[in-house]
Structures are given as structure tokens and as C-alpha cells.
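Enquirer: Quick one, target-v1.csv (CSV, C-alpha atoms):
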```csv
chain,number,residue,atom,x,y,z
O,207,HIS,CA,-3.3,-40.4,0.8
O,208,THR,CA,-1.4,-37.1,1.4
O,209,ASP,CA,2.2,-36.9,2.2
O,210,VAL,CA,3.8,-34.0,4.1
O,211,PRO,CA,7.3,-33.5,2.8
O,212,SER,CA,10.1,-34.4,5.1
O,213,PRO,CA,10.7,-33.5,7.9
O,214,GLY,CA,6.8,-33.5,8.2
O,215,GLY,CA,4.5,-36.3,8.9
O,216,ASP,CA,1.9,-38.3,7.0
O,217,ALA,CA,-1.9,-38.0,6.6
O,218,VAL,CA,-4.1,-40.8,5.4
O,219,VAL,CA,-7.8,-40.5,4.5
O,220,ALA,CA,-9.9,-43.6,4.9
O,221,ALA,CA,-13.6,-44.2,5.4
O,222,GLY,CA,-14.3,-40.5,6.2
O,223,ALA,CA,-11.5,-40.3,8.8
O,224,ILE,CA,-8.1,-38.7,8.6
O,225,THR,CA,-5.2,-40.4,10.3
O,226,ILE,CA,-2.2,-38.1,10.9
O,227,ALA,CA,1.2,-39.6,11.7
O,228,GLY,CA,3.6,-37.2,13.2
O,229,GLY,CA,7.1,-36.3,12.1
O,230,LEU,CA,9.9,-33.9,13.0
O,231,ASN,CA,7.8,-30.8,12.3
O,232,ILE,CA,4.3,-32.2,13.0
O,233,ASN,CA,3.1,-34.1,16.1
O,234,THR,CA,-0.5,-34.7,17.2
O,235,SER,CA,-2.4,-34.9,20.4
O,236,GLY,CA,-6.1,-35.4,21.1
O,237,ALA,CA,-8.8,-38.1,20.9
O,238,GLY,CA,-12.2,-38.6,19.4
O,239,SER,CA,-13.2,-36.0,16.9
O,240,THR,CA,-10.6,-33.4,17.9
O,241,VAL,CA,-7.0,-33.4,16.7
O,242,THR,CA,-4.4,-30.8,17.6
O,243,VAL,CA,-1.5,-30.4,15.3
O,244,ASN,CA,1.6,-28.9,16.9
O,245,LEU,CA,4.5,-27.4,14.9
O,246,ASP,CA,7.7,-27.9,16.7
O,247,THR,CA,10.0,-26.0,14.3
O,248,SER,CA,9.8,-23.1,11.8
O,249,VAL,CA,7.7,-23.5,8.7
O,250,LEU,CA,9.6,-22.8,5.5
O,251,GLN,CA,7.4,-21.1,2.9
O,252,PRO,CA,8.6,-21.1,-0.8
O,253,LEU,CA,9.2,-17.9,-2.6
O,254,THR,CA,6.2,-16.4,-4.4
O,255,THR,CA,6.0,-17.4,-8.1
O,256,ALA,CA,4.4,-15.4,-10.9
O,257,ASP,CA,1.7,-18.1,-11.5
O,258,GLY,CA,0.7,-17.9,-7.8
O,259,ASN,CA,1.2,-21.6,-7.3
O,260,SER,CA,3.8,-21.1,-4.6
O,261,GLY,CA,4.4,-18.7,-1.8
O,262,VAL,CA,0.9,-17.2,-1.8
O,263,TYR,CA,-1.6,-17.3,1.1
O,264,ALA,CA,-5.2,-16.9,-0.3
O,265,LEU,CA,-8.6,-16.1,1.2
O,266,GLY,CA,-11.5,-17.7,-0.7
O,267,VAL,CA,-11.8,-20.6,-3.0
O,268,THR,CA,-11.5,-19.2,-6.5
O,269,ASN,CA,-7.7,-19.3,-7.1
O,270,TYR,CA,-4.5,-18.1,-5.6
O,271,THR,CA,-4.1,-15.2,-8.0
O,272,THR,CA,-7.5,-13.4,-7.6
O,273,ASP,CA,-7.9,-14.3,-3.9
O,274,ARG,CA,-4.3,-13.7,-2.8
O,275,PHE,CA,-4.0,-12.3,0.7
O,276,LEU,CA,-0.4,-12.6,1.7
O,277,HIS,CA,2.7,-12.8,-0.5
O,278,GLY,CA,6.1,-11.4,-1.2
O,279,TYR,CA,6.5,-11.4,-5.0
O,280,GLY,CA,9.6,-9.8,-6.2
O,281,THR,CA,12.6,-8.7,-4.1
O,282,ARG,CA,12.1,-7.6,-0.5
O,283,ASN,CA,8.5,-6.8,-1.1
O,284,THR,CA,5.7,-7.5,1.4
O,285,PHE,CA,2.0,-7.5,0.5
O,286,VAL,CA,-0.9,-8.1,2.9
O,287,GLY,CA,-4.5,-7.7,2.0
O,288,ARG,CA,-6.9,-9.0,-0.7
O,289,GLN,CA,-5.2,-8.4,-4.0
O,290,ALA,CA,-2.5,-6.2,-2.5
O,291,GLY,CA,0.5,-6.1,-4.8
O,292,ASN,CA,0.5,-8.2,-7.9
O,293,LEU,CA,2.3,-11.1,-9.6
O,294,THR,CA,3.3,-9.1,-12.7
O,295,LEU,CA,5.7,-6.5,-11.4
O,296,THR,CA,9.2,-6.3,-12.7
O,297,THR,CA,11.1,-8.3,-10.1
O,298,GLY,CA,14.5,-6.7,-10.7
O,299,SER,CA,13.2,-3.1,-10.4
O,300,ALA,CA,10.2,-3.1,-8.1
O,301,THR,CA,11.9,-3.8,-4.8
O,302,ASN,CA,11.6,-2.9,-1.1
O,303,ASN,CA,7.8,-2.1,-1.4
O,304,THR,CA,5.3,-2.7,1.4
O,305,GLY,CA,1.5,-2.8,0.7
O,306,ILE,CA,-0.9,-3.5,3.5
O,307,GLY,CA,-4.6,-3.2,2.7
O,308,SER,CA,-7.0,-4.3,0.0
O,309,ASN,CA,-5.7,-3.3,-3.5
O,310,ALA,CA,-2.7,-1.5,-2.0
O,311,LEU,CA,0.1,-1.2,-4.6
O,312,ASP,CA,-1.8,-3.5,-6.9
O,313,SER,CA,-0.7,-1.7,-10.2
O,314,LEU,CA,3.0,-1.7,-9.3
O,315,THR,CA,5.4,-2.3,-12.2
O,316,THR,CA,8.9,-0.9,-11.6
O,317,GLY,CA,8.5,1.5,-8.6
O,318,ASN,CA,10.6,0.9,-5.5
O,319,SER,CA,10.6,1.7,-1.8
O,320,ASN,CA,6.9,2.6,-1.6
O,321,THR,CA,4.9,2.1,1.5
O,322,ALA,CA,1.1,1.9,1.3
O,323,VAL,CA,-1.2,1.2,4.3
O,324,GLY,CA,-4.9,1.3,3.8
O,325,ARG,CA,-7.5,0.2,1.2
O,326,ASP,CA,-6.6,1.5,-2.3
O,327,ALA,CA,-3.5,3.3,-0.9
O,328,LEU,CA,-1.1,3.9,-3.8
O,329,THR,CA,-3.4,1.6,-5.9
O,330,ALA,CA,-2.4,3.2,-9.2
O,331,VAL,CA,1.3,3.6,-8.7
O,332,THR,CA,3.4,2.0,-11.5
O,333,SER,CA,6.9,3.4,-11.6
O,334,GLY,CA,6.7,6.0,-8.8
O,335,SER,CA,9.1,5.5,-6.0
O,336,SER,CA,9.7,6.4,-2.3
O,337,ASN,CA,6.0,7.4,-1.8
O,338,THR,CA,4.3,6.8,1.6
O,339,ALA,CA,0.5,6.6,1.9
O,340,VAL,CA,-1.3,5.8,5.1
O,341,GLY,CA,-5.1,5.9,5.0
O,342,SER,CA,-7.9,4.7,2.7
O,343,SER,CA,-7.4,6.0,-0.8
O,344,ALA,CA,-4.3,8.0,0.2
O,345,LEU,CA,-2.2,8.8,-2.9
O,346,ASP,CA,-4.4,6.5,-4.8
O,347,SER,CA,-3.8,8.2,-8.2
O,348,VAL,CA,0.0,8.4,-8.2
O,349,LEU,CA,1.5,6.9,-11.4
O,350,ASN,CA,5.1,8.0,-11.5
O,351,GLY,CA,5.3,10.6,-8.8
O,352,THR,CA,8.1,10.3,-6.2
O,353,ASN,CA,8.8,11.2,-2.6
O,354,ASN,CA,5.2,12.1,-1.8
O,355,THR,CA,3.7,11.5,1.7
O,356,GLY,CA,0.0,11.3,2.3
O,357,VAL,CA,-1.4,10.5,5.8
O,358,GLY,CA,-5.2,10.5,6.2
O,359,ALA,CA,-8.1,9.3,4.1
O,360,SER,CA,-7.9,10.6,0.5
O,361,SER,CA,-4.8,12.7,1.3
O,362,LEU,CA,-3.0,13.7,-1.9
O,363,ALA,CA,-5.6,11.5,-3.6
O,364,ALA,CA,-5.2,13.2,-7.1
O,365,VAL,CA,-1.4,13.3,-7.3
O,366,THR,CA,-0.3,11.6,-10.5
O,367,SER,CA,3.2,12.8,-11.3
O,368,GLY,CA,3.7,15.5,-8.7
O,369,ASP,CA,6.8,15.1,-6.5
O,370,HIS,CA,7.8,16.0,-2.9
O,371,ASN,CA,4.3,16.8,-1.7
O,372,VAL,CA,3.2,16.2,1.9
O,373,GLY,CA,-0.5,15.9,2.9
O,374,ILE,CA,-1.4,15.1,6.5
O,375,GLY,CA,-5.1,15.0,7.4
O,376,SER,CA,-8.3,13.8,5.7
O,377,ASP,CA,-8.5,15.4,2.1
O,378,ALA,CA,-5.3,17.3,2.7
O,379,GLY,CA,-3.9,18.3,-0.7
O,380,SER,CA,-6.5,16.0,-2.3
O,381,SER,CA,-6.7,17.9,-5.7
O,382,ILE,CA,-2.9,18.2,-6.4
O,383,THR,CA,-2.1,16.5,-9.6
O,384,THR,CA,1.3,17.6,-10.9
O,385,GLY,CA,2.1,20.2,-8.4
O,386,GLY,CA,5.2,19.8,-6.3
O,387,ASP,CA,6.9,20.7,-3.0
O,388,ASN,CA,3.6,21.5,-1.3
O,389,THR,CA,2.9,20.9,2.3
O,390,ALA,CA,-0.6,20.6,3.7
O,391,VAL,CA,-1.3,19.7,7.3
O,392,GLY,CA,-4.9,19.7,8.5
O,393,TYR,CA,-8.4,18.7,7.4
O,394,GLN,CA,-8.9,19.9,3.8
O,395,ALA,CA,-5.8,22.0,3.9
O,396,LEU,CA,-4.7,23.0,0.4
O,397,GLN,CA,-7.7,20.9,-0.8
O,398,SER,CA,-8.2,22.6,-4.2
O,399,ALA,CA,-4.7,23.1,-5.4
O,400,THR,CA,-3.9,21.2,-8.6
O,401,THR,CA,-0.7,22.4,-10.1
O,402,GLY,CA,0.6,24.9,-7.6
O,403,TYR,CA,4.1,24.7,-6.2
O,404,ASN,CA,5.9,25.5,-3.0
O,405,SER,CA,2.9,26.3,-0.9
O,406,CYS,CA,2.5,25.6,2.8
O,407,ALA,CA,-0.8,25.2,4.6
O,408,PHE,CA,-1.0,24.4,8.3
O,409,GLY,CA,-4.5,24.2,9.9
O,410,SER,CA,-7.9,23.0,9.0
O,411,GLY,CA,-9.2,24.6,5.8
O,412,THR,CA,-6.1,26.7,5.2
O,413,LEU,CA,-5.6,27.6,1.5
O,414,ASN,CA,-8.4,25.3,0.6
O,415,SER,CA,-9.5,27.3,-2.4
O,416,LEU,CA,-6.1,27.8,-3.9
O,417,THR,CA,-5.8,26.2,-7.4
O,418,SER,CA,-2.5,27.2,-9.0
O,419,GLY,CA,-0.9,29.8,-6.8
O,420,ILE,CA,2.8,29.4,-5.8
O,421,ARG,CA,4.8,30.1,-2.8
O,422,ASN,CA,1.9,30.8,-0.5
O,423,SER,CA,2.0,30.2,3.3
O,424,ALA,CA,-0.9,30.0,5.6
O,425,PHE,CA,-0.9,29.1,9.3
O,426,GLY,CA,-4.1,28.8,11.4
O,427,LYS,CA,-7.6,27.5,10.8
O,428,ASP,CA,-9.1,28.8,7.5
O,429,SER,CA,-6.1,31.1,6.8
O,430,LEU,CA,-6.2,32.4,3.2
O,431,ALA,CA,-9.2,30.1,2.7
O,432,ALA,CA,-10.6,32.3,-0.1
O,433,LEU,CA,-7.3,32.7,-2.1
O,434,THR,CA,-7.5,31.1,-5.5
O,435,THR,CA,-4.6,32.0,-7.8
O,436,GLY,CA,-2.5,34.5,-5.8
O,437,ASP,CA,1.2,34.1,-5.4
O,438,GLU,CA,3.7,34.7,-2.5
O,439,ASN,CA,1.1,35.5,0.1
O,440,THR,CA,1.6,34.8,3.8
O,441,ALA,CA,-1.1,34.7,6.6
O,442,VAL,CA,-0.7,33.8,10.2
O,443,GLY,CA,-3.8,33.3,12.4
```
Using C-alpha cells, write down the structure that the file contains.

Expert:
Amino acid sequence: HTDVPSPGGDAVVAAGAITIAGGLNINTSGAGSTVTVNLDTSVLQPLTTADGNSGVYALGVTNYTTDRFLHGYGTRNTFVGRQAGNLTLTTGSATNNTGIGSNALDSLTTGNSNTAVGRDALTAVTSGSSNTAVGSSALDSVLNGTNNTGVGASSLAAVTSGDHNVGIGSDAGSSITTGGDNTAVGYQALQSATTGYNSCAFGSGTLNSLTSGIRNSAFGKDSLAALTTGDENTAVG
């Protein structure tokens, strides 16, 4: 015998059959082996709890914690995807985060205002804030870096504590670790830079051999592609 809390209905199992009696929020129609349940009003879902027993939609049959698919643990957080987000973050600090995709934002502790869309996007971020990752494995190594934007598969994939980097395109800025204020737009643009600062690469393959140079600017496919450690260079075309 299963009761649906008021204003719901009532379901009774007997001799292999389920009899559903309607209520304010549940009414039934159908005959034979087919039953249609219609919801007449909004469904109120409880807040997500740390033990996963409330406010978690899960896919699979193991448990709500490991198979979580949709939940909003914390304050103004939204997590969609298998094991996206977690149930251990600091609720008073980790706020306004959005993780969509398997394992997105699953290491979050105190970071806030992060947006991750894609499998493993921002999967390592703990206290970093205001990061935006769109694409599989985008910004997937960030720990405490802030204000980074990676759009494209593996864009800015190595950033750990670097700040204010922008990578748009597959593998753009994918080796930057602690470098900051770099902008890479295009496939494999600024691909090898690790600790360089204030460099701009626009175009496929631009500055893709640079490792630690600073204040370099390249515009156009493969511009300054062979540069490794030079500083303050500019190439157009």
C-alpha cells in the first residue's frame, strides 16, 4: 500500500495489480493494462540534501548519490548530468554554479558563479570562481583559477591557477597552467603556452609553439607559429 502525500492520490497493490485513486494533483484515465496519470498542478520537489535522500533525480539503480543526474545542492546551483556537481560542497560559499554534463563541476568546494557545459568541463575546480567552460574537457584542470573562459573541446584544458585567460576553439590555449591574461581564438591557437602572459593569438595555429613568452600578438593562420620564448612580437597575416 503506497500513499501519495496530500494533495495527491492513493495507490494500492493487490494480486499483481495496482489500483490508483486520484487526488487533487493526480487523476487517472484508461482501461485494461494501460493507465495514464495526469498531473493537474505543479509538482513540488524538496531541496537537495547532503545524503541524497531528497531532491535528487537519479539514473540507474545503485543509489541516489552515485547515480545522481539532476539536483540543485547548495544555493542557486543547478547540476544536470551523471555525477555533475556533488553533495559535499560548502553550501554557504559555493553558490550560483551551473554544471551540465557528466562530471561537470564534480569537485566543487567553495567556488561560485562557475558555468560548465560538457563532459568533464571544470571537473577539477574547487575554489575557482567565475569560470566559463563550454565543451568536453574544457578547463578541466582548473583548481582555483578565476575568470577564465574556454569554449571548445579541451580549450584551456591545463589551466590550474591561471586567471583571465580566454580560449575559443578546440585545443586553444590547452597547455596554459598558471599563465594569465592570454587570449587564444582558433584551433590550437597558443596551444603550447604554459606560463606566458598577455599574449593574443587569433587564427588557427597562431603562436602554437610559444611556451613562456609574454606580450606577443599574432593575427592570421599560423602567424608566429614557430616562436617559442620571444617577447613583445607582433605579426599580422

Enquirer: Might you pull out every residue within 7 Å of Gly409 of chain O, with only C-alpha atoms counted and same-chain residues fewer than 2 positions away left off, and present them as a list in words?

Expert: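 Contacts, with the query itself left out: Val391, Gly392, Ala395, Ala407, Gly411, Thr412, Phe425, Gly426, Lys427 and Asp428 of chain O.
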
Enquirer: Include C-alpha atoms and write out the residues we just selected as a PDB file, in the coordinates of the input.

Expert:
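What landed in result34.pdb:
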```pdb
ATOM      1  CA  VAL O 391      -1.300  19.700   7.300  1.00  0.00           C
ATOM      2  CA  GLY O 392      -4.900  19.700   8.500  1.00  0.00           C
ATOM      3  CA  ALA O 395      -5.800  22.000   3.900  1.00  0.00           C
ATOM      4  CA  ALA O 407      -0.800  25.200   4.600  1.00  0.00           C
ATOM      5  CA  GLY O 411      -9.200  24.600   5.800  1.00  0.00           C
ATOM      6  CA  THR O 412      -6.100  26.700   5.200  1.00  0.00           C
ATOM      7  CA  PHE O 425      -0.900  29.100   9.300  1.00  0.00           C
ATOM      8  CA  GLY O 426      -4.100  28.800  11.400  1.00  0.00           C
ATOM      9  CA  LYS O 427      -7.600  27.500  10.800  1.00  0.00           C
ATOM     10  CA  ASP O 428      -9.100  28.800   7.500  1.00  0.00           C
TER      11      ASP O 428
END
```

Enquirer: Excluding segment 355-363 of chain O and any residue of its chain fewer than 5 positions from it, enumerate the residues within 7 Å of it, using only C-alpha atoms, and give them as a ChimeraX atom specification.

Expert: /O:337-347,371-382

Enquirer: Suppose you want the space between atom CA of Ser313 of chain O and atom CA of Tyr403 of chain O; what is it in Å?

Expert: 27.1 Å

Enquirer: Which one of O:Asn309, O:Thr435, O:Ser398, O:Ser429 sits closest to Ser415 of chain O if you count only C-alpha atoms?

Expert: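 Ranked by minimum distance to Ser415 of chain O, first place goes to O:Ser398.
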
Enquirer: Can you tell me which residues surround Gly291 of chain O at a distance of at most 6 Å, considering only C-alpha atoms, apart from same-chain residues fewer than 5 positions away, and format the answer as a list of chain:residue names?

Expert: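 Everything that qualifies: O:Phe285, O:Leu311, O:Asp312.
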
Enquirer: Let me see the file: selected residues, C-alpha atoms, as a PDB file, keeping the file's coordinate frame.

Expert:
```
ATOM      1  CA  PHE O 285       2.000  -7.500   0.500  1.00  0.00           C
ATOM      2  CA  LEU O 311       0.100  -1.200  -4.600  1.00  0.00           C
ATOM      3  CA  ASP O 312      -1.800  -3.500  -6.900  1.00  0.00           C
TER       4      ASP O 312
END
```

Enquirer: Have a look at O:Ile306, O:Thr315, O:Thr272, O:Cys406 and name the one nearest to Ala327 of chain O; count only C-alpha atoms.

Expert: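 Among O:Ile306, O:Thr315, O:Thr272, O:Cys406, it is O:Ile306 that comes nearest to Ala327 of chain O.
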
Enquirer: Residues at most 9 Å from Gly280 of chain O, counting all atoms listed in the file, excluding those fewer than 3 positions away in the same chain, as a list in words?

Expert: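 Those residues are Leu253, Thr254, Thr255, Ala256, Asn283, Thr284, Leu293, Leu295, Thr296, Thr297, Gly298, Ser299, Ala300, Thr301 and Asn302 of chain O.
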